[in-house]
>>> print(open('query.tsv').read())   # TSV, C-alpha atoms
chain	number	residue	atom	x	y	z
A	1	MET	CA	69.22	111.80	111.14
A	2	ARG	CA	72.03	112.49	108.72
A	3	THR	CA	73.01	114.57	105.70
A	4	ILE	CA	74.64	112.69	102.82
A	5	VAL	CA	76.98	114.41	100.35
A	6	VAL	CA	78.44	112.17	97.60
A	7	LEU	CA	81.85	112.90	96.10
A	8	ILE	CA	82.06	110.89	92.85
A	9	HIS	CA	84.60	110.64	90.04
A	10	GLN	CA	82.14	110.26	87.15
A	11	GLY	CA	80.80	113.41	85.56
A	12	GLY	CA	79.13	114.89	82.53
A	13	GLY	CA	78.85	118.16	80.72
A	14	GLN	CA	76.56	120.82	79.35
A	15	THR	CA	75.63	120.15	75.73
A	16	GLY	CA	75.84	123.12	73.43
A	17	GLY	CA	78.00	125.00	75.90
A	18	GLY	CA	77.13	126.84	79.06
A	19	LEU	CA	78.57	129.02	81.78
A	20	PRO	CA	79.98	127.54	85.02
A	21	ASN	CA	76.79	128.26	86.95
A	22	GLN	CA	74.39	127.00	84.31
A	23	CYS	CA	72.93	123.60	83.52
A	24	ASN	CA	72.39	123.42	79.78
A	25	ASN	CA	71.07	119.96	78.86
A	26	LEU	CA	73.37	117.98	81.14
A	27	ALA	CA	74.59	114.75	79.51
A	28	GLY	CA	77.00	112.01	80.51
A	29	PRO	CA	77.22	109.15	83.02
A	30	ILE	CA	76.53	111.35	86.04
A	31	LYS	CA	72.99	112.02	84.87
A	32	ASP	CA	71.93	108.37	84.92
A	33	ILE	CA	73.92	107.61	88.07
A	34	VAL	CA	72.30	110.33	90.17
A	35	ALA	CA	68.87	109.50	88.78
A	36	LYS	CA	69.21	106.10	90.48
A	37	PHE	CA	70.38	107.47	93.84
A	38	ASP	CA	68.37	106.98	96.99
A	39	PRO	CA	66.45	110.15	97.88
A	40	GLU	CA	68.48	110.28	101.09
A	41	VAL	CA	71.42	111.67	99.08
A	42	ASP	CA	71.44	115.44	99.56
A	43	ALA	CA	74.19	116.75	97.27
A	44	VAL	CA	76.64	115.44	94.66
A	45	ILE	CA	80.08	116.79	93.74
A	46	SER	CA	81.16	115.19	90.46
A	47	GLY	CA	84.34	115.18	88.36
A	48	HIS	CA	86.33	113.54	85.55
A	49	THR	CA	85.12	115.61	82.60
A	50	HIS	CA	86.35	119.05	83.78
A	51	ASN	CA	83.16	120.64	82.45
A	52	PRO	CA	81.64	123.06	84.97
A	53	TYR	CA	77.95	123.04	85.79
A	54	ILE	CA	75.47	123.59	88.59
A	55	CYS	CA	72.56	121.22	88.03
A	56	GLU	CA	69.72	119.58	89.90
A	57	ILE	CA	68.59	115.98	89.37
A	58	ASN	CA	65.51	114.73	91.23
A	59	GLY	CA	65.91	117.65	93.61
A	60	ILE	CA	69.58	116.82	94.33
A	61	PRO	CA	72.16	119.55	93.56
A	62	VAL	CA	74.90	118.18	91.27
A	63	THR	CA	78.04	120.24	90.73
A	64	GLN	CA	81.39	120.21	88.94
A	65	THR	CA	84.19	122.67	88.24
A	66	SER	CA	86.34	122.86	85.11
A	67	GLY	CA	89.48	121.51	86.81
A	68	HIS	CA	92.92	122.80	87.73
A	69	THR	CA	91.27	124.98	90.41
A	70	ARG	CA	89.80	127.40	87.88
A	71	GLU	CA	86.70	127.43	90.06
A	72	LEU	CA	85.73	126.34	93.54
A	73	THR	CA	82.24	125.03	94.26
A	74	ARG	CA	80.37	126.40	97.26
A	75	ILE	CA	77.29	124.47	98.37
A	76	LYS	CA	75.06	125.82	101.14
A	77	LEU	CA	72.63	123.34	102.71
A	78	THR	CA	70.04	124.44	105.25
A	79	ILE	CA	69.66	121.40	107.50
A	80	ASP	CA	66.69	120.43	109.66
A	81	ARG	CA	68.38	119.34	112.89
A	82	ALA	CA	65.50	117.03	113.74
A	83	THR	CA	65.67	114.99	110.53
A	84	GLY	CA	69.15	115.70	109.19
A	85	ASN	CA	67.59	116.52	105.82
A	86	PRO	CA	68.14	119.79	103.92
A	87	THR	CA	65.22	122.15	103.72
A	88	ALA	CA	66.98	124.33	101.15
A	89	HIS	CA	70.12	124.29	99.06
A	90	GLN	CA	72.18	126.74	97.05
A	91	ALA	CA	75.25	125.97	94.92
A	92	GLU	CA	77.61	128.12	92.89
A	93	ASN	CA	80.94	127.86	91.11
A	94	ILE	CA	83.26	130.67	92.14
A	95	THR	CA	85.99	131.69	89.70
A	96	VAL	CA	89.43	131.66	91.32
A	97	THR	CA	91.33	134.92	90.80
A	98	HIS	CA	95.02	135.58	91.33
A	99	ASP	CA	94.82	138.88	93.15
A	100	ILE	CA	94.79	137.41	96.65
A	101	GLU	CA	97.76	137.96	98.95
A	102	PRO	CA	99.34	134.55	99.69
A	103	ASN	CA	99.09	133.31	103.26
A	104	GLY	CA	102.62	133.13	104.68
A	105	ALA	CA	102.01	130.03	106.78
A	106	ILE	CA	100.44	128.16	103.87
A	107	ALA	CA	103.25	129.20	101.52
A	108	ALA	CA	105.83	127.89	104.01
A	109	LEU	CA	103.92	124.62	104.37
A	110	ARG	CA	103.84	124.27	100.59
A	111	ARG	CA	107.60	124.81	100.31
A	112	GLU	CA	108.21	122.18	102.99
A	113	SER	CA	105.83	119.74	101.27
A	114	ASP	CA	107.45	120.35	97.88
A	115	GLN	CA	110.89	119.60	99.31
A	116	TYR	CA	109.66	116.38	100.90
A	117	ALA	CA	107.87	115.34	97.70
A	118	GLN	CA	110.97	116.06	95.62
A	119	ARG	CA	113.03	113.69	97.76
A	120	LEU	CA	110.47	110.96	97.04
A	121	LEU	CA	110.41	111.77	93.32
A	122	ASP	CA	114.22	111.62	93.14
A	123	ARG	CA	114.36	108.17	94.72
A	124	PRO	CA	116.19	105.80	92.33
A	125	VAL	CA	114.31	102.77	91.00
A	126	GLY	CA	116.65	101.17	88.47
A	127	LEU	CA	118.02	101.50	84.96
A	128	ILE	CA	116.71	101.13	81.43
A	129	HIS	CA	118.91	99.89	78.58
A	130	ARG	CA	117.19	101.91	75.83
A	131	ASP	CA	114.15	104.13	75.38
A	132	LEU	CA	110.70	102.71	76.11
A	133	THR	CA	108.27	104.70	73.99
A	134	THR	CA	104.62	105.07	73.08
A	135	ILE	CA	105.52	104.96	69.37
A	136	ARG	CA	103.32	102.32	67.77
A	137	ASN	CA	104.15	99.96	64.94
A	138	ALA	CA	101.69	99.01	62.19
A	139	ALA	CA	99.97	96.52	64.49
A	140	GLY	CA	99.52	99.10	67.25
A	141	GLU	CA	102.23	97.75	69.56
A	142	SER	CA	104.59	99.92	71.61
A	143	THR	CA	107.54	98.99	73.79
A	144	ILE	CA	106.23	100.89	76.81
A	145	ALA	CA	102.80	99.21	76.65
A	146	HIS	CA	104.28	95.72	76.50
A	147	ALA	CA	106.79	96.53	79.25
A	148	LEU	CA	103.98	97.71	81.51
A	149	ALA	CA	101.98	94.56	80.75
A	150	ASP	CA	105.04	92.43	81.56
A	151	GLY	CA	105.40	94.21	84.88
A	152	ARG	CA	101.75	93.63	85.69
A	153	LEU	CA	102.04	89.95	84.92
A	154	ALA	CA	105.14	89.55	87.10
A	155	ALA	CA	103.53	91.42	90.00
A	156	THR	CA	100.30	89.41	89.95
A	157	SER	CA	101.45	85.94	88.89
A	158	SER	CA	101.98	84.49	92.37
A	159	PRO	CA	99.01	82.72	93.99
A	160	GLU	CA	98.98	85.38	96.73
A	161	THR	CA	98.64	88.27	94.28
A	162	GLY	CA	96.21	86.64	91.84
A	163	GLY	CA	97.85	83.83	89.88
A	164	ALA	CA	97.83	85.78	86.60
A	165	GLN	CA	98.65	84.13	83.28
A	166	ILE	CA	97.96	87.15	81.05
A	167	ALA	CA	98.20	90.88	81.69
A	168	ILE	CA	97.00	93.77	79.57
A	169	GLN	CA	97.81	97.48	79.42
A	170	PRO	CA	95.28	99.92	77.93
A	171	PRO	CA	96.55	102.90	75.93
A	172	TYR	CA	94.03	105.35	77.40
A	173	GLY	CA	91.95	105.13	80.58
A	174	GLY	CA	94.24	104.32	83.49
A	175	GLY	CA	96.83	103.93	80.78
A	176	ILE	CA	100.16	105.39	79.74
A	177	GLY	CA	101.31	108.89	80.65
A	178	GLY	CA	104.31	109.05	78.30
A	179	ASP	CA	107.70	107.69	77.33
A	180	LEU	CA	110.56	106.51	79.53
A	181	LEU	CA	113.71	107.81	77.87
A	182	VAL	CA	117.46	107.67	78.19
A	183	HIS	CA	118.49	111.32	78.29
A	184	PRO	CA	121.67	112.05	76.29
A	185	THR	CA	123.20	114.35	78.91
A	186	GLY	CA	126.66	112.83	78.99
A	187	ASN	CA	125.95	111.66	82.50
A	188	GLU	CA	126.81	108.00	82.96
A	189	MET	CA	123.52	107.64	84.85
A	190	SER	CA	121.40	109.16	82.08
A	191	ASN	CA	119.48	105.88	81.94
A	192	LEU	CA	118.52	106.07	85.62
A	193	VAL	CA	114.81	105.74	86.35
A	194	THR	CA	113.60	107.64	89.39
A	195	HIS	CA	110.26	107.34	91.11
A	196	GLY	CA	109.26	110.63	89.51
A	197	LYS	CA	110.06	109.39	86.00
A	198	ALA	CA	108.14	106.18	86.60
A	199	LEU	CA	105.16	108.16	87.87
A	200	ARG	CA	105.06	110.19	84.67
A	201	VAL	CA	104.59	106.92	82.79
A	202	VAL	CA	102.06	105.48	85.28
A	203	PRO	CA	100.34	108.55	86.78
A	204	PHE	CA	96.87	107.20	87.50
A	205	SER	CA	97.41	105.12	90.66
A	206	ASN	CA	95.13	102.30	89.56
A	207	MET	CA	94.96	99.03	91.42
A	208	LEU	CA	95.57	95.86	89.41
A	209	VAL	CA	92.67	93.43	89.30
A	210	THR	CA	93.29	89.76	88.47
A	211	MET	CA	90.21	87.81	87.43
A	212	THR	CA	89.13	84.59	85.77
A	213	LEU	CA	87.87	84.81	82.19
A	214	THR	CA	86.96	82.02	79.82
A	215	GLY	CA	88.82	81.78	76.54
A	216	ALA	CA	85.67	82.99	74.80
A	217	GLN	CA	85.62	86.06	77.05
A	218	VAL	CA	89.29	86.69	76.27
A	219	GLU	CA	88.37	86.74	72.58
A	220	ARG	CA	85.56	89.22	73.29
A	221	LEU	CA	88.02	91.36	75.24
A	222	LEU	CA	90.33	91.51	72.24
A	223	GLU	CA	87.46	92.30	69.86
A	224	GLN	CA	86.46	95.20	72.10
A	225	GLN	CA	89.67	96.96	71.06
A	226	TRP	CA	87.67	97.92	67.94
A	227	CYS	CA	84.06	97.06	68.74
A	228	GLY	CA	81.88	100.15	69.14
A	229	GLN	CA	84.84	102.50	68.79
A	230	SER	CA	85.79	105.03	66.12
A	231	THR	CA	89.51	104.35	66.63
A	232	ALA	CA	91.41	101.24	67.67
A	233	ARG	CA	92.59	100.97	71.27
A	234	VAL	CA	95.24	98.27	70.87
A	235	LEU	CA	96.24	96.82	74.21
A	236	GLY	CA	99.73	96.13	75.44
A	237	VAL	CA	99.94	92.42	76.23
A	238	SER	CA	102.31	90.41	78.39
A	239	LYS	CA	105.05	88.11	77.16
A	240	GLY	CA	103.77	84.74	75.94
A	241	PHE	CA	100.35	86.04	74.87
A	242	THR	CA	99.87	86.54	71.13
A	243	PHE	CA	97.08	87.09	68.63
A	244	THR	CA	96.46	88.16	65.03
A	245	TYR	CA	93.80	90.53	63.74
A	246	ASP	CA	92.64	91.26	60.21
A	247	ASN	CA	92.24	95.01	59.83
A	248	ALA	CA	90.11	94.54	56.71
A	249	LYS	CA	87.43	92.74	58.67
A	250	PRO	CA	84.55	94.59	60.35
A	251	ALA	CA	84.74	95.78	63.93
A	252	CYS	CA	83.80	93.11	66.49
A	253	ASP	CA	84.98	90.37	64.10
A	254	LYS	CA	88.65	91.01	63.38
A	255	ILE	CA	90.25	88.11	65.24
A	256	ASP	CA	90.43	84.44	64.35
A	257	PRO	CA	90.21	82.60	67.71
A	258	ALA	CA	92.76	80.08	66.43
A	259	THR	CA	95.42	82.85	66.51
A	260	ILE	CA	94.92	83.66	70.20
A	261	LYS	CA	97.69	81.80	71.98
A	262	LEU	CA	99.24	81.61	75.44
A	263	ASN	CA	102.80	80.33	75.44
A	264	GLY	CA	102.24	78.84	71.99
A	265	ALA	CA	99.03	76.95	72.83
A	266	VAL	CA	95.73	78.07	71.34
A	267	VAL	CA	93.46	79.56	73.98
A	268	ASP	CA	90.54	77.20	74.63
A	269	PRO	CA	87.18	79.04	74.40
A	270	ALA	CA	85.90	76.89	77.28
A	271	GLY	CA	89.12	77.16	79.29
A	272	ARG	CA	89.64	79.38	82.31
A	273	TYR	CA	92.42	81.97	82.37
A	274	ARG	CA	93.64	84.41	84.98
A	275	VAL	CA	93.88	87.90	83.47
A	276	THR	CA	95.20	91.10	85.06
A	277	ALA	CA	93.90	94.55	84.11
A	278	ASN	CA	93.99	97.93	85.80
A	279	SER	CA	90.97	98.85	87.91
A	280	PHE	CA	89.65	101.44	85.44
A	281	ILE	CA	89.05	99.00	82.60
A	282	ALA	CA	88.38	96.12	85.01
A	283	THR	CA	85.11	97.89	85.83
A	284	GLY	CA	84.24	98.36	82.14
A	285	GLY	CA	86.12	101.58	81.41
A	286	ASP	CA	86.94	102.54	77.80
A	287	GLY	CA	84.33	100.09	76.54
A	288	PHE	CA	86.02	96.91	77.81
A	289	SER	CA	82.73	95.74	79.29
A	290	VAL	CA	83.56	92.03	79.19
A	291	LEU	CA	85.94	92.58	82.11
A	292	THR	CA	82.97	93.23	84.39
A	293	GLU	CA	82.11	89.53	83.93
A	294	GLY	CA	85.43	88.37	85.40
A	295	THR	CA	85.16	86.23	88.53
A	296	GLU	CA	87.40	85.35	91.49
A	297	ARG	CA	88.79	88.86	91.50
A	298	VAL	CA	91.98	89.64	93.44
A	299	GLU	CA	93.15	93.24	93.95
A	300	LYS	CA	96.39	93.62	95.91
A	301	VAL	CA	98.98	95.45	93.80
A	302	ARG	CA	99.08	99.05	92.53
A	303	ASP	CA	100.15	99.78	88.94
A	304	ILE	CA	103.16	101.93	89.87
A	305	GLU	CA	104.39	99.27	92.30
A	306	ALA	CA	104.25	96.65	89.55
A	307	PHE	CA	106.15	98.84	87.08
A	308	GLU	CA	108.89	99.79	89.52
A	309	SER	CA	109.31	96.20	90.70
A	310	HIS	CA	109.69	95.12	87.07
A	311	ILE	CA	112.43	97.70	86.48
A	312	ARG	CA	114.29	96.71	89.66
A	313	ALA	CA	114.08	92.99	88.88
A	314	ASN	CA	115.36	93.42	85.30
A	315	THR	CA	117.69	96.41	85.55
A	316	PRO	CA	118.84	97.58	83.11
A	317	LEU	CA	115.44	96.93	81.59
A	318	GLN	CA	115.50	96.05	77.88
A	319	PRO	CA	112.65	97.22	75.63
A	320	PRO	CA	110.50	94.16	74.95
A	321	ALA	CA	110.52	92.83	71.41
A	322	LEU	CA	107.43	93.63	69.37
A	323	GLY	CA	105.57	90.96	67.43
A	324	ARG	CA	103.17	89.77	70.10
A	325	ILE	CA	100.35	91.24	68.00
A	326	THR	CA	100.16	90.62	64.25
A	327	ARG	CA	98.09	92.71	61.86
A	328	LEU	CA	96.83	91.49	58.51
A	329	ASN	CA	95.82	94.02	55.83
>>> encode(input="query.tsv", output="structure tokens")
Amino acid sequence: MRTIVVLIHQGGGQTGGGLPNQCNNLAGPIKDIVAKFDPEVDAVISGHTHNPYICEINGIPVTQTSGHTRELTRIKLTIDRATGNPTAHQAENITVTHDIEPNGAIAALRRESDQYAQRLLDRPVGLIHRDLTTIRNAAGESTIAHALADGRLAATSSPETGGAQIAIQPPYGGGIGGDLLVHPTGNEMSNLVTHGKALRVVPFSNMLVTMTLTGAQVERLLEQQWCGQSTARVLGVSKGFTFTYDNAKPACDKIDPATIKLNGAVVDPAGRYRVTANSFIATGGDGFSVLTEGTERVEKVRDIEAFESHIRANTPLQPPALGRITRLN
């Protein structure tokens, strides 16, 4: 005797447009996910896409707002106390207006919370020597992506944290929030990195997942930077890992396996390698589906912890040299 409401990150959207309380040809991952749910699920609150809708799938109400508190969802379930199952449901998205008198107690709590949060954001982490940016060279490399990959490798290379040999940093999902810059303020500490600045670079709070892949799977991982995509999603890669791709070749076949090397040695297609990725792509996000095949998975370190530890251990942190990835044509 229970009522089950699922709060899930995946979402979808109305195709062709629709108002917040409509369901116009819902499409996206949430549709297939809910279709497979056990009938015991009674309501679903979805997210990620910031497209509002009020839908019903197999009799289950499925809702989402457009994000940034533009709407609030109200779901009313009439529950049979004997079975715990709803006998009726009603859902609506309510537009948030700004004509409500603020609650004094809540406003005071917010001010207190903001002050506490600011102290955490101002906490010093370390120094950078020069700017780390998202600017990409012709091969698709950036200093910030490689620096993040280096930090991930360092944080997960011990046997206790995963025994990583290679680490990767995606440019998008669970990826990079921006640059880490030296601000020319005249202040001698203009190159200081605070927790707040680091969070702007790594804002997604992903866990790092270290897994075993064969060399052949590593090649597939690299091919998936282009395979099935309209634009390249070139990964940041950790120090010691290199490869070459031929941009003139077709998607899914741009890399000569003989160019994939770890510390100068060609990666063996039958060999086993420990690879670290963030949890979003480790579960197949952004089309990196080969990562779902990884075995012996270890998940102990958060992405922001790895980045900050890397800055502290190497302060002032130098931008990593590019050239780990080579592009032909």
>>> residues_around(input="query.tsv", residues="segment 270-274 of chain A", least_positions_apart="6", cutoff="9 Å", atoms="only C-alpha atoms", output="ChimeraX atom specification")
/A:157,162-167,210-216,218
>>> write_last_selection(input="query.tsv", atoms="C-alpha atoms", output="short mmCIF file (atom, residue, chain, number, x, y, z; two decimals), keeping the file's coordinate frame")
data_model
loop_
_atom_site.label_atom_id
_atom_site.label_comp_id
_atom_site.auth_asym_id
_atom_site.auth_seq_id
_atom_site.Cartn_x
_atom_site.Cartn_y
_atom_site.Cartn_z
CA SER A 157 101.45 85.94 88.89
CA GLY A 162 96.21 86.64 91.84
CA GLY A 163 97.85 83.83 89.88
CA ALA A 164 97.83 85.78 86.60
CA GLN A 165 98.65 84.13 83.28
CA ILE A 166 97.96 87.15 81.05
CA ALA A 167 98.20 90.88 81.69
CA THR A 210 93.29 89.76 88.47
CA MET A 211 90.21 87.81 87.43
CA THR A 212 89.13 84.59 85.77
CA LEU A 213 87.87 84.81 82.19
CA THR A 214 86.96 82.02 79.82
CA GLY A 215 88.82 81.78 76.54
CA ALA A 216 85.67 82.99 74.80
CA VAL A 218 89.29 86.69 76.27
#
>>> residues_near_point(input="query.tsv", point="(83.1, 114.9, 89.7)", cutoff="9 Å", atoms="all atoms listed in the file", output="compact mmCIF listing (two decimals) with C-alpha atoms, in the coordinates of the input")
# COMPACT_ATOMS: atom_id res chain seq x y z
CA LEU A 7 81.85 112.90 96.10
CA ILE A 8 82.06 110.89 92.85
CA HIS A 9 84.60 110.64 90.04
CA GLN A 10 82.14 110.26 87.15
CA GLY A 11 80.80 113.41 85.56
CA GLY A 12 79.13 114.89 82.53
CA ILE A 30 76.53 111.35 86.04
CA VAL A 44 76.64 115.44 94.66
CA ILE A 45 80.08 116.79 93.74
CA SER A 46 81.16 115.19 90.46
CA GLY A 47 84.34 115.18 88.36
CA HIS A 48 86.33 113.54 85.55
CA THR A 49 85.12 115.61 82.60
CA HIS A 50 86.35 119.05 83.78
CA VAL A 62 74.90 118.18 91.27
CA THR A 63 78.04 120.24 90.73
CA GLN A 64 81.39 120.21 88.94
CA THR A 65 84.19 122.67 88.24
>>> closest_residue(input="query.tsv", among="A:Gln169, A:Ser309, A:Ser113, A:Ser142", to="Ala198 of chain A", atoms="all atoms listed in the file")
A:Ser309
>>> atom_distance(input="query.tsv", atom1="atom CA of Arg81 of chain A", atom2="atom CA of Lys31 of chain A")
29.3 Å
>>> atom_distance(input="query.tsv", atom1="atom CA of Ile281 of chain A", atom2="atom CA of Gly264 of chain A")
26.3 Å
>>> residues_around(input="query.tsv", residues="Ala35 of chain A", least_positions_apart="2", cutoff="8 Å", atoms="only C-alpha atoms", output="ChimeraX atom specification")
/A:31-33,37,57-58
>>> closest_residue(input="query.tsv", among="A:Asn329, A:Ser279, A:Thr87, A:Ser190", to="Thr244 of chain A", atoms="only C-alpha atoms")
A:Asn329
>>> atom_distance(input="query.tsv", atom1="atom CA of Glu56 of chain A", atom2="atom CA of Ala88 of chain A")
12.5 Å
>>> closest_residue(input="query.tsv", among="A:Arg123, A:Arg302, A:Arg200, A:Lys76", to="Val5 of chain A", atoms="only C-alpha atoms")
A:Lys76
>>> closest_residue(input="query.tsv", among="A:Ser205, A:Thr78, A:Thr69, A:Gln224", to="Val96 of chain A", atoms="only C-alpha atoms")
A:Thr69
>>> closest_residue(input="query.tsv", among="A:Leu222, A:Ala313, A:Leu180, A:Val298", to="Gly196 of chain A", atoms="only C-alpha atoms")
A:Leu180
>>> axis_aligned_box(input="query.tsv", around="segment 89-104 of chain A", padding_each_side="6 Å", output="lines of an AutoDock Vina configuration file")
center_x = 86.4
center_y = 131.6
center_z = 97.2
size_x = 44.5
size_y = 26.6
size_z = 27.0
>>> closest_residue(input="query.tsv", among="A:Ala232, A:Ile325, A:Leu208, A:Ile311", to="Lys261 of chain A", atoms="only C-alpha atoms")
A:Ile325
>>> residues_around(input="query.tsv", residues="Lys197 of chain A", least_positions_apart="2", cutoff="10 Å", atoms="only C-alpha atoms", output="PDB file with C-alpha atoms, in the frame of the given file")
ATOM      1  CA  LEU A 121     110.410 111.770  93.320  1.00  0.00           C
ATOM      2  CA  ASP A 122     114.220 111.620  93.140  1.00  0.00           C
ATOM      3  CA  ARG A 123     114.360 108.170  94.720  1.00  0.00           C
ATOM      4  CA  PRO A 124     116.190 105.800  92.330  1.00  0.00           C
ATOM      5  CA  VAL A 125     114.310 102.770  91.000  1.00  0.00           C
ATOM      6  CA  GLY A 178     104.310 109.050  78.300  1.00  0.00           C
ATOM      7  CA  ASP A 179     107.700 107.690  77.330  1.00  0.00           C
ATOM      8  CA  LEU A 180     110.560 106.510  79.530  1.00  0.00           C
ATOM      9  CA  LEU A 181     113.710 107.810  77.870  1.00  0.00           C
ATOM     10  CA  LEU A 192     118.520 106.070  85.620  1.00  0.00           C
ATOM     11  CA  VAL A 193     114.810 105.740  86.350  1.00  0.00           C
ATOM     12  CA  THR A 194     113.600 107.640  89.390  1.00  0.00           C
ATOM     13  CA  HIS A 195     110.260 107.340  91.110  1.00  0.00           C
ATOM     14  CA  LEU A 199     105.160 108.160  87.870  1.00  0.00           C
ATOM     15  CA  ARG A 200     105.060 110.190  84.670  1.00  0.00           C
ATOM     16  CA  VAL A 201     104.590 106.920  82.790  1.00  0.00           C
ATOM     17  CA  VAL A 202     102.060 105.480  85.280  1.00  0.00           C
ATOM     18  CA  PRO A 203     100.340 108.550  86.780  1.00  0.00           C
TER      19      PRO A 203
END
>>> residues_around(input="query.tsv", residues="Phe204 of chain A", least_positions_apart="3", cutoff="10 Å", atoms="all atoms listed in the file", output="short mmCIF file (atom, residue, chain, number, x, y, z; two decimals) with C-alpha atoms, keeping the file's coordinate frame")
data_model
loop_
_atom_site.label_atom_id
_atom_site.label_comp_id
_atom_site.auth_asym_id
_atom_site.auth_seq_id
_atom_site.Cartn_x
_atom_site.Cartn_y
_atom_site.Cartn_z
CA GLY A 173 91.95 105.13 80.58
CA GLY A 174 94.24 104.32 83.49
CA GLY A 175 96.83 103.93 80.78
CA ILE A 176 100.16 105.39 79.74
CA GLY A 177 101.31 108.89 80.65
CA LEU A 199 105.16 108.16 87.87
CA ARG A 200 105.06 110.19 84.67
CA VAL A 201 104.59 106.92 82.79
CA MET A 207 94.96 99.03 91.42
CA ASN A 278 93.99 97.93 85.80
CA PHE A 280 89.65 101.44 85.44
CA ARG A 302 99.08 99.05 92.53
CA ASP A 303 100.15 99.78 88.94
CA ILE A 304 103.16 101.93 89.87
#
>>> residues_around(input="query.tsv", residues="Ile54 of chain A", least_positions_apart="3", cutoff="8 Å", atoms="all atoms listed in the file", output="PyMOL selection string")
chain A and resi 20-23+61-64+91-93
>>> build_atoms(input="query.tsv", residues="segment 28-40 of chain A", atoms="N, CA, C and O atoms", output="compact mmCIF listing (two decimals), keeping the file's coordinate frame")
# COMPACT_ATOMS: atom_id res chain seq x y z
N GLY A 28 75.86 112.75 80.01
CA GLY A 28 77.00 112.01 80.51
C GLY A 28 76.60 111.03 81.60
O GLY A 28 75.45 111.02 82.06
N PRO A 29 77.54 110.20 82.04
CA PRO A 29 77.22 109.15 83.02
C PRO A 29 76.61 109.66 84.30
O PRO A 29 75.76 109.00 84.89
N ILE A 30 77.01 110.86 84.74
CA ILE A 30 76.53 111.35 86.04
C ILE A 30 75.01 111.50 86.07
O ILE A 30 74.37 111.31 87.11
N LYS A 31 74.44 111.80 84.93
CA LYS A 31 72.99 112.02 84.87
C LYS A 31 72.23 110.75 85.24
O LYS A 31 71.32 110.77 86.08
N ASP A 32 72.61 109.63 84.63
CA ASP A 32 71.93 108.37 84.92
C ASP A 32 72.27 107.85 86.32
O ASP A 32 71.42 107.25 86.98
N ILE A 33 73.51 108.08 86.75
CA ILE A 33 73.92 107.61 88.07
C ILE A 33 73.11 108.28 89.16
O ILE A 33 72.54 107.62 90.04
N VAL A 34 73.02 109.60 89.12
CA VAL A 34 72.30 110.33 90.17
C VAL A 34 70.81 110.04 90.11
O VAL A 34 70.14 109.99 91.14
N ALA A 35 70.30 109.81 88.91
CA ALA A 35 68.87 109.50 88.78
C ALA A 35 68.49 108.24 89.53
O ALA A 35 67.33 108.06 89.93
N LYS A 36 69.47 107.35 89.76
CA LYS A 36 69.21 106.10 90.48
C LYS A 36 69.53 106.19 91.97
O LYS A 36 69.35 105.21 92.69
N PHE A 37 70.01 107.33 92.43
CA PHE A 37 70.38 107.47 93.84
C PHE A 37 69.16 107.40 94.74
O PHE A 37 68.05 107.80 94.36
N ASP A 38 69.39 106.92 95.95
CA ASP A 38 68.37 106.98 96.99
C ASP A 38 68.05 108.43 97.30
O ASP A 38 68.95 109.28 97.32
N PRO A 39 66.80 108.76 97.55
CA PRO A 39 66.45 110.15 97.88
C PRO A 39 67.15 110.69 99.12
O PRO A 39 67.16 111.91 99.34
N GLU A 40 67.75 109.83 99.91
CA GLU A 40 68.48 110.28 101.09
C GLU A 40 69.75 111.05 100.75
O GLU A 40 70.30 111.76 101.58
